[in-house]
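Engineer: Structure file coords-v8.pdb (PDB, C-alpha atoms) is given on the next line.
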```pdb
ATOM      1  CA  MET A 236      56.666 160.850 174.604
ATOM      2  CA  ASP A 237      57.635 160.393 170.947
ATOM      3  CA  ALA A 238      60.110 162.336 168.810
ATOM      4  CA  VAL A 239      57.414 164.401 167.099
ATOM      5  CA  THR A 240      55.937 165.502 170.421
ATOM      6  CA  MET A 241      59.404 166.376 171.740
ATOM      7  CA  ARG A 242      60.047 168.657 168.764
ATOM      8  CA  GLY A 243      56.732 170.372 169.267
ATOM      9  CA  SER A 244      53.937 171.133 166.831
ATOM     10  CA  SER A 245      51.792 174.018 165.660
ATOM     11  CA  PRO A 246      48.271 174.380 164.256
ATOM     12  CA  THR A 247      49.738 174.976 160.792
ATOM     13  CA  ALA A 248      52.226 172.100 160.895
ATOM     14  CA  PRO A 249      51.774 169.413 158.207
ATOM     15  CA  THR A 250      49.992 166.281 159.342
ATOM     16  CA  ALA A 251      50.904 162.676 158.666
ATOM     17  CA  GLY A 252      49.022 161.205 155.722
ATOM     18  CA  GLY A 253      47.805 164.601 154.470
ATOM     19  CA  ARG A 254      48.052 166.279 151.090
ATOM     20  CA  GLN A 255      51.742 167.085 151.435
ATOM     21  CA  ALA A 256      52.400 163.458 152.336
ATOM     22  CA  TRP A 257      50.998 162.273 149.020
ATOM     23  CA  THR A 258      52.722 165.047 147.090
ATOM     24  CA  THR A 259      55.984 163.805 148.586
ATOM     25  CA  THR A 260      55.088 160.205 147.708
ATOM     26  CA  TRP A 261      54.503 161.049 144.034
ATOM     27  CA  LEU A 262      57.702 163.097 143.877
ATOM     28  CA  LEU A 263      59.631 160.130 145.251
ATOM     29  CA  LEU A 264      57.919 157.835 142.747
ATOM     30  CA  VAL A 265      59.370 160.048 140.003
ATOM     31  CA  PHE A 266      62.713 159.871 141.840
ATOM     32  CA  MET A 267      62.603 156.066 141.591
ATOM     33  CA  VAL A 268      61.552 156.195 137.928
ATOM     34  CA  VAL A 269      64.596 158.376 137.131
ATOM     35  CA  ASN A 270      66.717 156.024 139.244
ATOM     36  CA  PHE A 271      65.892 153.015 137.100
ATOM     37  CA  ALA A 272      65.986 154.951 133.844
ATOM     38  CA  ASP A 273      69.574 155.843 134.764
ATOM     39  CA  LYS A 274      70.327 152.160 135.228
ATOM     40  CA  ALA A 275      68.691 151.170 131.936
ATOM     41  CA  VAL A 276      70.317 153.744 129.657
ATOM     42  CA  LEU A 277      73.612 151.889 129.238
ATOM     43  CA  GLY A 278      71.944 148.655 128.175
ATOM     44  CA  LEU A 279      69.626 150.472 125.772
ATOM     45  CA  ALA A 280      72.571 152.282 124.165
ATOM     46  CA  GLY A 281      74.799 149.191 124.348
ATOM     47  CA  PRO A 282      74.983 148.200 120.653
ATOM     48  CA  GLU A 283      75.830 151.745 119.553
ATOM     49  CA  ILE A 284      78.403 152.170 122.334
ATOM     50  CA  MET A 285      80.129 148.859 121.565
ATOM     51  CA  LYS A 286      80.261 149.755 117.889
ATOM     52  CA  GLU A 287      81.614 153.291 118.408
ATOM     53  CA  PHE A 288      84.187 152.331 121.042
ATOM     54  CA  GLY A 289      85.069 148.977 119.497
ATOM     55  CA  LEU A 290      84.233 147.083 122.687
ATOM     56  CA  SER A 291      83.952 143.361 123.138
ATOM     57  CA  ARG A 292      81.007 141.992 125.110
ATOM     58  CA  GLN A 293      83.346 141.329 128.023
ATOM     59  CA  GLU A 294      84.508 144.970 128.035
ATOM     60  CA  PHE A 295      80.935 146.199 127.840
ATOM     61  CA  GLY A 296      80.015 143.892 130.724
ATOM     62  CA  THR A 297      82.847 145.468 132.715
ATOM     63  CA  ALA A 298      81.371 148.921 132.077
ATOM     64  CA  GLN A 299      77.985 147.764 133.325
ATOM     65  CA  ALA A 300      79.527 146.037 136.348
ATOM     66  CA  ALA A 301      81.347 149.267 137.246
ATOM     67  CA  PHE A 302      77.972 150.661 138.285
ATOM     68  CA  PHE A 303      77.791 148.202 141.173
ATOM     69  CA  SER A 304      81.389 148.604 142.387
ATOM     70  CA  LEU A 305      80.420 151.120 145.120
ATOM     71  CA  PHE A 306      76.666 150.570 145.055
ATOM     72  CA  SER A 307      76.379 148.462 148.220
ATOM     73  CA  LEU A 308      79.034 150.349 150.180
ATOM     74  CA  SER A 309      77.355 153.694 149.590
ATOM     75  CA  ALA A 310      73.954 152.223 150.442
ATOM     76  CA  LEU A 311      75.289 151.222 153.852
ATOM     77  CA  GLY A 312      77.266 154.405 154.440
ATOM     78  CA  VAL A 313      74.530 156.844 153.488
ATOM     79  CA  SER A 314      71.953 154.831 155.428
ATOM     80  CA  PHE A 315      74.039 155.405 158.555
ATOM     81  CA  LEU A 316      74.356 159.066 157.566
ATOM     82  CA  THR A 317      70.573 159.498 157.880
ATOM     83  CA  ARG A 318      71.178 159.656 161.645
ATOM     84  CA  LYS A 319      73.056 162.917 161.173
ATOM     85  CA  VAL A 320      71.682 164.501 157.974
ATOM     86  CA  ARG A 321      68.080 165.103 156.939
ATOM     87  CA  THR A 322      66.876 162.753 154.215
ATOM     88  CA  SER A 323      65.501 165.686 152.198
ATOM     89  CA  VAL A 324      69.083 166.970 151.878
ATOM     90  CA  LEU A 325      70.488 163.536 151.024
ATOM     91  CA  LEU A 326      67.877 163.004 148.307
ATOM     92  CA  LEU A 327      68.709 166.387 146.791
ATOM     93  CA  ALA A 328      72.427 165.533 146.779
ATOM     94  CA  MET A 329      71.750 162.183 145.130
ATOM     95  CA  GLY A 330      69.730 163.797 142.348
ATOM     96  CA  LEU A 331      72.551 166.243 141.644
ATOM     97  CA  LEU A 332      75.125 163.441 141.536
ATOM     98  CA  TRP A 333      72.978 161.427 139.134
ATOM     99  CA  ALA A 334      72.945 164.335 136.714
ATOM    100  CA  ALA A 335      76.682 164.874 137.199
ATOM    101  CA  ALA A 336      77.275 161.230 136.312
ATOM    102  CA  GLN A 337      75.163 161.258 133.130
ATOM    103  CA  LEU A 338      75.793 164.613 131.482
ATOM    104  CA  PRO A 339      79.565 164.174 130.799
ATOM    105  CA  MET A 340      78.725 161.539 128.165
ATOM    106  CA  LEU A 341      77.243 164.323 126.015
ATOM    107  CA  TRP A 342      80.812 165.483 125.391
ATOM    108  CA  GLY A 343      81.927 164.089 122.068
ATOM    109  CA  ALA A 344      85.426 163.316 123.361
ATOM    110  CA  ALA A 345      84.111 161.255 126.295
ATOM    111  CA  GLY A 346      85.317 157.700 125.738
ATOM    112  CA  PHE A 347      85.407 154.344 127.485
ATOM    113  CA  ALA A 348      87.370 155.620 130.497
ATOM    114  CA  THR A 349      84.818 158.389 131.060
ATOM    115  CA  LEU A 350      82.028 155.865 130.740
ATOM    116  CA  ILE A 351      83.586 153.665 133.445
ATOM    117  CA  ALA A 352      84.197 156.626 135.770
ATOM    118  CA  THR A 353      80.681 158.007 135.386
ATOM    119  CA  ARG A 354      79.085 154.587 135.949
ATOM    120  CA  VAL A 355      81.063 154.182 139.176
ATOM    121  CA  LEU A 356      79.866 157.630 140.309
ATOM    122  CA  LEU A 357      76.286 156.842 139.318
ATOM    123  CA  GLY A 358      76.322 153.564 141.232
ATOM    124  CA  PHE A 359      77.735 155.320 144.276
ATOM    125  CA  ALA A 360      74.952 157.913 144.129
ATOM    126  CA  GLU A 361      72.149 155.449 143.421
ATOM    127  CA  GLY A 362      73.023 152.767 145.961
ATOM    128  CA  PRO A 363      71.232 154.560 148.827
ATOM    129  CA  ALA A 364      68.255 155.686 146.697
ATOM    130  CA  ALA A 365      65.641 153.128 147.744
ATOM    131  CA  PRO A 366      66.403 152.976 151.498
ATOM    132  CA  VAL A 367      66.672 156.755 151.841
ATOM    133  CA  ALA A 368      63.498 157.372 149.807
ATOM    134  CA  VAL A 369      61.567 154.857 151.912
ATOM    135  CA  HIS A 370      63.008 156.341 155.105
ATOM    136  CA  HIS A 371      61.864 159.780 153.993
ATOM    137  CA  VAL A 372      58.344 158.800 152.947
ATOM    138  CA  HIS A 373      57.829 156.999 156.269
ATOM    139  CA  GLY A 374      58.236 160.374 157.940
ATOM    140  CA  TRP A 375      54.957 161.407 156.339
ATOM    141  CA  PHE A 376      52.812 158.439 157.402
ATOM    142  CA  GLU A 377      51.876 156.685 160.597
ATOM    143  CA  GLN A 378      53.259 153.159 160.865
ATOM    144  CA  ARG A 379      49.990 151.410 160.001
ATOM    145  CA  GLU A 380      49.643 153.523 156.815
ATOM    146  CA  ARG A 381      53.142 153.074 155.387
ATOM    147  CA  THR A 382      52.573 149.975 153.253
ATOM    148  CA  LEU A 383      50.812 151.714 150.344
ATOM    149  CA  PRO A 384      53.276 154.623 149.906
ATOM    150  CA  THR A 385      56.183 152.174 150.202
ATOM    151  CA  ALA A 386      54.621 149.977 147.512
ATOM    152  CA  ILE A 387      54.155 153.030 145.280
ATOM    153  CA  LEU A 388      57.875 153.786 145.532
ATOM    154  CA  MET A 389      58.728 150.199 144.625
ATOM    155  CA  VAL A 390      56.518 150.515 141.533
ATOM    156  CA  GLY A 391      59.079 153.053 140.362
ATOM    157  CA  ALA A 392      61.473 150.192 139.611
ATOM    158  CA  ALA A 393      59.187 148.637 136.999
ATOM    159  CA  ALA A 394      57.864 151.988 135.811
ATOM    160  CA  GLY A 395      61.386 153.331 135.364
ATOM    161  CA  VAL A 396      62.307 150.610 132.900
ATOM    162  CA  ALA A 397      58.889 150.719 131.214
ATOM    163  CA  VAL A 398      59.159 154.471 130.649
ATOM    164  CA  ALA A 399      62.871 154.457 129.831
ATOM    165  CA  ALA A 400      62.852 151.754 127.167
ATOM    166  CA  PRO A 401      60.586 153.463 124.593
ATOM    167  CA  THR A 402      61.557 157.023 125.546
ATOM    168  CA  LEU A 403      65.314 156.595 125.541
ATOM    169  CA  GLY A 404      65.056 154.257 122.563
ATOM    170  CA  ALA A 405      63.399 157.070 120.609
ATOM    171  CA  VAL A 406      66.081 159.521 121.760
ATOM    172  CA  ILE A 407      68.820 157.138 120.591
ATOM    173  CA  SER A 408      67.115 156.657 117.207
ATOM    174  CA  HIS A 409      66.659 160.382 116.549
ATOM    175  CA  PHE A 410      69.564 162.083 118.334
ATOM    176  CA  GLY A 411      72.189 159.394 119.013
ATOM    177  CA  TRP A 412      73.158 157.391 122.064
ATOM    178  CA  ARG A 413      74.949 160.256 123.828
ATOM    179  CA  TRP A 414      71.700 162.170 124.119
ATOM    180  CA  ALA A 415      70.141 159.220 125.921
ATOM    181  CA  PHE A 416      72.588 159.910 128.764
ATOM    182  CA  GLY A 417      71.868 163.622 128.390
ATOM    183  CA  ALA A 418      68.110 163.070 128.636
ATOM    184  CA  ALA A 419      68.528 160.985 131.784
ATOM    185  CA  GLY A 420      70.780 163.645 133.316
ATOM    186  CA  LEU A 421      68.377 166.466 132.472
ATOM    187  CA  ALA A 422      65.481 164.484 133.963
ATOM    188  CA  GLY A 423      67.507 164.207 137.168
ATOM    189  CA  LEU A 424      68.181 167.966 137.196
ATOM    190  CA  LEU A 425      64.493 168.733 136.650
ATOM    191  CA  TRP A 426      63.579 166.500 139.583
ATOM    192  CA  VAL A 427      66.157 168.303 141.755
ATOM    193  CA  VAL A 428      64.578 171.683 140.949
ATOM    194  CA  VAL A 429      61.094 170.468 141.900
ATOM    195  CA  TRP A 430      62.350 168.668 145.018
ATOM    196  CA  ARG A 431      64.198 171.796 146.149
ATOM    197  CA  ALA A 432      60.890 173.648 146.069
ATOM    198  CA  LYS A 433      58.561 170.931 147.384
ATOM    199  CA  GLY A 434      60.608 168.386 149.342
ATOM    200  CA  THR A 435      60.352 168.732 153.126
ATOM    201  CA  GLU A 436      60.624 166.531 156.187
ATOM    202  CA  GLY A 437      57.455 164.863 157.428
ATOM    203  CA  PRO A 438      55.948 165.316 160.895
ATOM    204  CA  SER A 439      56.852 161.729 161.829
ATOM    205  CA  ALA A 440      60.473 162.001 160.645
ATOM    206  CA  PRO A 441      62.896 160.933 163.368
ATOM    207  CA  PRO A 442      65.238 163.619 164.734
ATOM    208  CA  VAL A 443      68.851 163.677 163.575
ATOM    209  CA  GLY A 444      72.187 164.684 165.034
ATOM    210  CA  ARG A 445      72.137 166.479 168.373
ATOM    211  CA  ASP A 446      68.324 166.400 168.577
ATOM    212  CA  ALA A 447      68.337 162.609 168.270
ATOM    213  CA  ARG A 448      70.896 162.232 171.080
ATOM    214  CA  SER A 449      68.991 164.529 173.421
ATOM    215  CA  ILE A 450      65.672 162.780 172.839
ATOM    216  CA  LYS A 451      67.255 159.373 173.334
ATOM    217  CA  GLY A 452      68.736 160.592 176.602
ATOM    218  CA  ILE A 453      65.341 161.780 177.812
ATOM    219  CA  SER A 454      63.344 158.766 176.678
ATOM    220  CA  GLY A 455      65.900 156.174 177.738
ATOM    221  CA  ALA A 456      64.980 154.062 174.703
ATOM    222  CA  ALA A 457      67.588 151.503 173.722
ATOM    223  CA  ASP A 458      68.512 150.706 170.131
ATOM    224  CA  VAL A 459      68.247 147.142 168.896
ATOM    225  CA  PRO A 460      71.867 145.937 168.448
ATOM    226  CA  LEU A 461      72.823 145.786 164.766
ATOM    227  CA  ARG A 462      74.405 142.385 165.354
ATOM    228  CA  ALA A 463      71.007 141.020 166.352
ATOM    229  CA  VAL A 464      69.466 142.475 163.204
ATOM    230  CA  PHE A 465      72.155 141.180 160.836
ATOM    231  CA  LEU A 466      72.017 137.661 162.287
ATOM    232  CA  SER A 467      68.235 137.401 162.271
ATOM    233  CA  GLY A 468      66.588 134.953 159.912
ATOM    234  CA  THR A 469      64.450 137.734 158.476
ATOM    235  CA  PHE A 470      67.489 139.781 157.465
ATOM    236  CA  LEU A 471      69.483 136.829 156.105
ATOM    237  CA  THR A 472      66.669 135.526 153.906
ATOM    238  CA  ALA A 473      65.880 139.050 152.662
ATOM    239  CA  ALA A 474      69.573 139.559 151.818
ATOM    240  CA  LEU A 475      69.688 136.307 149.847
ATOM    241  CA  GLY A 476      66.530 137.272 148.001
ATOM    242  CA  ALA A 477      67.970 140.689 147.153
ATOM    243  CA  PHE A 478      71.215 139.083 145.942
ATOM    244  CA  ALA A 479      69.297 136.893 143.505
ATOM    245  CA  ALA A 480      67.054 139.757 142.411
ATOM    246  CA  TYR A 481      69.954 142.115 141.655
ATOM    247  CA  TRP A 482      71.852 139.347 139.847
ATOM    248  CA  VAL A 483      68.888 138.869 137.517
ATOM    249  CA  MET A 484      68.207 142.604 137.200
ATOM    250  CA  SER A 485      71.797 143.476 136.292
ATOM    251  CA  ALA A 486      71.890 140.747 133.629
ATOM    252  CA  LYS A 487      68.605 141.969 132.159
ATOM    253  CA  LEU A 488      69.616 145.624 132.166
ATOM    254  CA  THR A 489      72.909 144.773 130.464
ATOM    255  CA  TRP A 490      71.910 142.252 127.813
ATOM    256  CA  LEU A 491      68.137 142.074 127.425
ATOM    257  CA  PRO A 492      67.846 145.342 125.416
ATOM    258  CA  ASP A 493      70.525 144.068 122.993
TER     259      ASP A 493
END
```
Mind converting the file's structure to structure tokens?

Structural biologist:
Amino acid sequence: MDAVTMRGSSPTAPTAGGRQAWTTTWLLLVFMVVNFADKAVLGLAGPEIMKEFGLSRQEFGTAQAAFFSLFSLSALGVSFLTRKVRTSVLLLAMGLLWAAAQLPMLWGAAGFATLIATRVLLGFAEGPAAPVAVHHVHGWFEQRERTLPTAILMVGAAAGVAVAAPTLGAVISHFGWRWAFGAAGLAGLLWVVVWRAKGTEGPSAPPVGRDARSIKGISGAADVPLRAVFLSGTFLTAALGAFAAYWVMSAKLTWLPD
């Protein structure tokens, strides 16, 4: 007996792969677009920021690197938290933190120290974005149907940069670099408002907290030890690939726009 059956169902309950499932998928695509626009804004505004703050390239590189200081740690921590907190709530919290990290740069007195602090906060809030979004969308699809919605979310990475570059570039040209951060923050707030109204858990979402413990006790299912996962060849090669990919991505986001 699976987790969905244990929780019970009703004739009006949403079904996996239905209309709500695809609405959720498109909302999370926008979530990923905003995610990567947030990453790109600093590189796009880089020349103006270095000029106004009198930064060397090394100092500007430090500001960009600050984004990743807590990125991996929060990705791990929040991923474990999905066992206790619904992903719909975690996604809402992340969207709010993204806005909180971008909007302070609208303040004219915000300087280099504020920039560093807000990039650390943004990295902390964006580290778990992809795994939590994928975890959530999988709650709306049966296992054999999850590849396409997962791929759509991953498209958000490329789409985020593609949309951000001309849009934020135009904002910088017409309103100044601070409003590029403001535009990214307001986009995050708008997504939060829509997600608050439309974002719900899917019928295949695993139970959390006390419900998860009770179902595990009934089913007797055993978890795969994390040590076995982390030492598997699949995980190790994927981790190496991700290391190389993020190395290249961070360099491009920092210096390619300049």

Engineer: For the structure shown, which residues end up in the PyMOL selection byres ((chain A and resi 426-440) around 8)? Put them as a count of residues only, please?

Structural biologist: 30

Engineer: Hey, can you check how far CA of Gly476 in chain A sits from CA of Pro366 in chain A?

Structural biologist: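 Computed distance, CA of Gly476 in chain A to CA of Pro366 in chain A, equals 16.1 Å.
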
Engineer: Carefully work through the PyMOL selection byres ((chain A and resi 287) around 12) for this structure and note down the residues it includes, as a ChimeraX atom specification.

Structural biologist: /A:280-286,288-291,295,343-347,411-413

Engineer: Given only C-alpha atoms as the basis, pick out the residue of A:Pro384, A:Gly395, A:Gly420, A:Gly404 nearest to Leu357 in chain A.

Structural biologist: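 When distances to Leu357 in chain A are compared using only C-alpha atoms, the smallest one comes from A:Gly420.
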
Engineer: In terms of the shortest atom-to-atom distance over all atoms listed in the file, which of A:Ala272, A:Ala310, A:Leu305, A:Val443 is closest to Thr353 in chain A?

Structural biologist: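 Answer, going by the shortest atom-to-atom distance: A:Leu305.
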
Engineer: Which one is closest to Leu383 in chain A: A:Trp257, A:Ala399, A:Ala473, A:Arg354? Count all atoms listed in the file.

Structural biologist: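 Of all the options, A:Trp257 lies closest to Leu383 in chain A.
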
Engineer: Mind listing as a PyMOL selection string all residues within 12 Å of (74.5, 143.0, 156.7), counting only C-alpha atoms?

Structural biologist: chain A and resi 307-308+310-312+461-475+477-478

Engineer: Report the residues retrieved by the PyMOL selection byres ((chain A and resi 351) around 12) from the displayed file, expressed as a PDB file with C-alpha atoms, in the coordinates of the input.

Structural biologist:
```
ATOM      1  CA  LEU A 277      73.612 151.889 129.238  1.00  0.00           C
ATOM      2  CA  GLU A 294      84.508 144.970 128.035  1.00  0.00           C
ATOM      3  CA  PHE A 295      80.935 146.199 127.840  1.00  0.00           C
ATOM      4  CA  GLY A 296      80.015 143.892 130.724  1.00  0.00           C
ATOM      5  CA  THR A 297      82.847 145.468 132.715  1.00  0.00           C
ATOM      6  CA  ALA A 298      81.371 148.921 132.077  1.00  0.00           C
ATOM      7  CA  GLN A 299      77.985 147.764 133.325  1.00  0.00           C
ATOM      8  CA  ALA A 300      79.527 146.037 136.348  1.00  0.00           C
ATOM      9  CA  ALA A 301      81.347 149.267 137.246  1.00  0.00           C
ATOM     10  CA  PHE A 302      77.972 150.661 138.285  1.00  0.00           C
ATOM     11  CA  PHE A 303      77.791 148.202 141.173  1.00  0.00           C
ATOM     12  CA  SER A 304      81.389 148.604 142.387  1.00  0.00           C
ATOM     13  CA  ALA A 336      77.275 161.230 136.312  1.00  0.00           C
ATOM     14  CA  GLN A 337      75.163 161.258 133.130  1.00  0.00           C
ATOM     15  CA  PRO A 339      79.565 164.174 130.799  1.00  0.00           C
ATOM     16  CA  MET A 340      78.725 161.539 128.165  1.00  0.00           C
ATOM     17  CA  ALA A 345      84.111 161.255 126.295  1.00  0.00           C
ATOM     18  CA  GLY A 346      85.317 157.700 125.738  1.00  0.00           C
ATOM     19  CA  PHE A 347      85.407 154.344 127.485  1.00  0.00           C
ATOM     20  CA  ALA A 348      87.370 155.620 130.497  1.00  0.00           C
ATOM     21  CA  THR A 349      84.818 158.389 131.060  1.00  0.00           C
ATOM     22  CA  LEU A 350      82.028 155.865 130.740  1.00  0.00           C
ATOM     23  CA  ALA A 352      84.197 156.626 135.770  1.00  0.00           C
ATOM     24  CA  THR A 353      80.681 158.007 135.386  1.00  0.00           C
ATOM     25  CA  ARG A 354      79.085 154.587 135.949  1.00  0.00           C
ATOM     26  CA  VAL A 355      81.063 154.182 139.176  1.00  0.00           C
ATOM     27  CA  LEU A 356      79.866 157.630 140.309  1.00  0.00           C
ATOM     28  CA  LEU A 357      76.286 156.842 139.318  1.00  0.00           C
ATOM     29  CA  GLY A 358      76.322 153.564 141.232  1.00  0.00           C
TER      30      GLY A 358
END
```

Engineer: Ranking A:Thr258, A:Lys274, A:Val320, A:Gly253 by minimum distance to Thr489 in chain A and counting only C-alpha atoms, which one comes first?

Structural biologist: A:Lys274

Engineer: Just how far from CA of Ala394 in chain A is CA of Leu263 in chain A, in Å to one decimal?

Structural biologist: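 For CA of Leu263 in chain A relative to CA of Ala394 in chain A, the distance reads 12.6 Å.
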
Engineer: Please identify all polymer residues within 9 Å of Ala400 in chain A, counting all atoms listed in the file, omitting same-chain residues fewer than 6 positions from it, and present them as JSON, numbers by chain.

Structural biologist: {"A": [272, 275, 276, 279, 492]}

Engineer: If I take CA of Ala405 in chain A and CA of Lys487 in chain A, how far is one from the other in Å, to one decimal?

Structural biologist: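 One can read the CA of Ala405 in chain A to CA of Lys487 in chain A distance as 19.7 Å.
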
Engineer: Would you mind completing range 273-299 of chain A to N, CA and C atoms and writing the output as a PDB file, in the coordinates of the input?

Structural biologist:
```
ATOM      1  N   ASP A 273      68.114 155.695 134.756  1.00  0.00           N
ATOM      2  CA  ASP A 273      69.574 155.843 134.764  1.00  0.00           C
ATOM      3  C   ASP A 273      70.274 154.497 134.632  1.00  0.00           C
ATOM      4  N   LYS A 274      69.732 153.491 135.311  1.00  0.00           N
ATOM      5  CA  LYS A 274      70.327 152.160 135.228  1.00  0.00           C
ATOM      6  C   LYS A 274      70.169 151.567 133.822  1.00  0.00           C
ATOM      7  N   ALA A 275      69.012 151.823 133.206  1.00  0.00           N
ATOM      8  CA  ALA A 275      68.691 151.170 131.936  1.00  0.00           C
ATOM      9  C   ALA A 275      69.396 151.781 130.741  1.00  0.00           C
ATOM     10  N   VAL A 276      69.835 153.036 130.840  1.00  0.00           N
ATOM     11  CA  VAL A 276      70.317 153.744 129.657  1.00  0.00           C
ATOM     12  C   VAL A 276      71.523 153.062 129.020  1.00  0.00           C
ATOM     13  N   LEU A 277      72.415 152.507 129.809  1.00  0.00           N
ATOM     14  CA  LEU A 277      73.612 151.889 129.238  1.00  0.00           C
ATOM     15  C   LEU A 277      73.256 150.659 128.423  1.00  0.00           C
ATOM     16  N   GLY A 278      72.357 149.833 128.936  1.00  0.00           N
ATOM     17  CA  GLY A 278      71.944 148.655 128.175  1.00  0.00           C
ATOM     18  C   GLY A 278      71.226 149.021 126.893  1.00  0.00           C
ATOM     19  N   LEU A 279      70.367 150.050 126.962  1.00  0.00           N
ATOM     20  CA  LEU A 279      69.626 150.472 125.772  1.00  0.00           C
ATOM     21  C   LEU A 279      70.562 151.022 124.694  1.00  0.00           C
ATOM     22  N   ALA A 280      71.617 151.709 125.119  1.00  0.00           N
ATOM     23  CA  ALA A 280      72.571 152.282 124.165  1.00  0.00           C
ATOM     24  C   ALA A 280      73.723 151.328 123.865  1.00  0.00           C
ATOM     25  N   GLY A 281      73.682 150.126 124.438  1.00  0.00           N
ATOM     26  CA  GLY A 281      74.799 149.191 124.348  1.00  0.00           C
ATOM     27  C   GLY A 281      75.319 148.906 122.948  1.00  0.00           C
ATOM     28  N   PRO A 282      74.460 148.516 121.996  1.00  0.00           N
ATOM     29  CA  PRO A 282      74.983 148.200 120.653  1.00  0.00           C
ATOM     30  C   PRO A 282      75.726 149.363 120.009  1.00  0.00           C
ATOM     31  N   GLU A 283      75.177 150.574 120.138  1.00  0.00           N
ATOM     32  CA  GLU A 283      75.830 151.745 119.553  1.00  0.00           C
ATOM     33  C   GLU A 283      77.150 152.056 120.260  1.00  0.00           C
ATOM     34  N   ILE A 284      77.176 151.901 121.582  1.00  0.00           N
ATOM     35  CA  ILE A 284      78.403 152.170 122.334  1.00  0.00           C
ATOM     36  C   ILE A 284      79.491 151.163 121.968  1.00  0.00           C
ATOM     37  N   MET A 285      79.137 149.882 121.918  1.00  0.00           N
ATOM     38  CA  MET A 285      80.129 148.859 121.565  1.00  0.00           C
ATOM     39  C   MET A 285      80.685 149.093 120.170  1.00  0.00           C
ATOM     40  N   LYS A 286      79.816 149.506 119.262  1.00  0.00           N
ATOM     41  CA  LYS A 286      80.261 149.755 117.889  1.00  0.00           C
ATOM     42  C   LYS A 286      81.190 150.957 117.816  1.00  0.00           C
ATOM     43  N   GLU A 287      80.799 152.069 118.488  1.00  0.00           N
ATOM     44  CA  GLU A 287      81.614 153.291 118.408  1.00  0.00           C
ATOM     45  C   GLU A 287      82.943 153.139 119.119  1.00  0.00           C
ATOM     46  N   PHE A 288      82.958 152.476 120.264  1.00  0.00           N
ATOM     47  CA  PHE A 288      84.187 152.331 121.042  1.00  0.00           C
ATOM     48  C   PHE A 288      84.967 151.069 120.689  1.00  0.00           C
ATOM     49  N   GLY A 289      84.393 150.215 119.856  1.00  0.00           N
ATOM     50  CA  GLY A 289      85.069 148.977 119.497  1.00  0.00           C
ATOM     51  C   GLY A 289      85.220 148.024 120.668  1.00  0.00           C
ATOM     52  N   LEU A 290      84.175 147.898 121.472  1.00  0.00           N
ATOM     53  CA  LEU A 290      84.233 147.083 122.687  1.00  0.00           C
ATOM     54  C   LEU A 290      83.787 145.653 122.423  1.00  0.00           C
ATOM     55  N   SER A 291      84.442 144.731 123.113  1.00  0.00           N
ATOM     56  CA  SER A 291      83.952 143.361 123.138  1.00  0.00           C
ATOM     57  C   SER A 291      82.804 143.281 124.142  1.00  0.00           C
ATOM     58  N   ARG A 292      82.089 142.159 124.136  1.00  0.00           N
ATOM     59  CA  ARG A 292      81.007 141.992 125.110  1.00  0.00           C
ATOM     60  C   ARG A 292      81.568 141.937 126.538  1.00  0.00           C
ATOM     61  N   GLN A 293      82.739 141.372 126.694  1.00  0.00           N
ATOM     62  CA  GLN A 293      83.346 141.329 128.023  1.00  0.00           C
ATOM     63  C   GLN A 293      83.661 142.735 128.519  1.00  0.00           C
ATOM     64  N   GLU A 294      84.196 143.595 127.649  1.00  0.00           N
ATOM     65  CA  GLU A 294      84.508 144.970 128.035  1.00  0.00           C
ATOM     66  C   GLU A 294      83.236 145.746 128.357  1.00  0.00           C
ATOM     67  N   PHE A 295      82.198 145.516 127.560  1.00  0.00           N
ATOM     68  CA  PHE A 295      80.935 146.199 127.840  1.00  0.00           C
ATOM     69  C   PHE A 295      80.337 145.708 129.156  1.00  0.00           C
ATOM     70  N   GLY A 296      80.468 144.418 129.438  1.00  0.00           N
ATOM     71  CA  GLY A 296      80.015 143.892 130.724  1.00  0.00           C
ATOM     72  C   GLY A 296      80.766 144.514 131.881  1.00  0.00           C
ATOM     73  N   THR A 297      82.059 144.794 131.682  1.00  0.00           N
ATOM     74  CA  THR A 297      82.847 145.468 132.715  1.00  0.00           C
ATOM     75  C   THR A 297      82.312 146.865 132.981  1.00  0.00           C
ATOM     76  N   ALA A 298      81.928 147.578 131.914  1.00  0.00           N
ATOM     77  CA  ALA A 298      81.371 148.921 132.077  1.00  0.00           C
ATOM     78  C   ALA A 298      80.071 148.864 132.869  1.00  0.00           C
ATOM     79  N   GLN A 299      79.239 147.884 132.590  1.00  0.00           N
ATOM     80  CA  GLN A 299      77.985 147.764 133.325  1.00  0.00           C
ATOM     81  C   GLN A 299      78.236 147.369 134.777  1.00  0.00           C
TER      82      GLN A 299
END
```
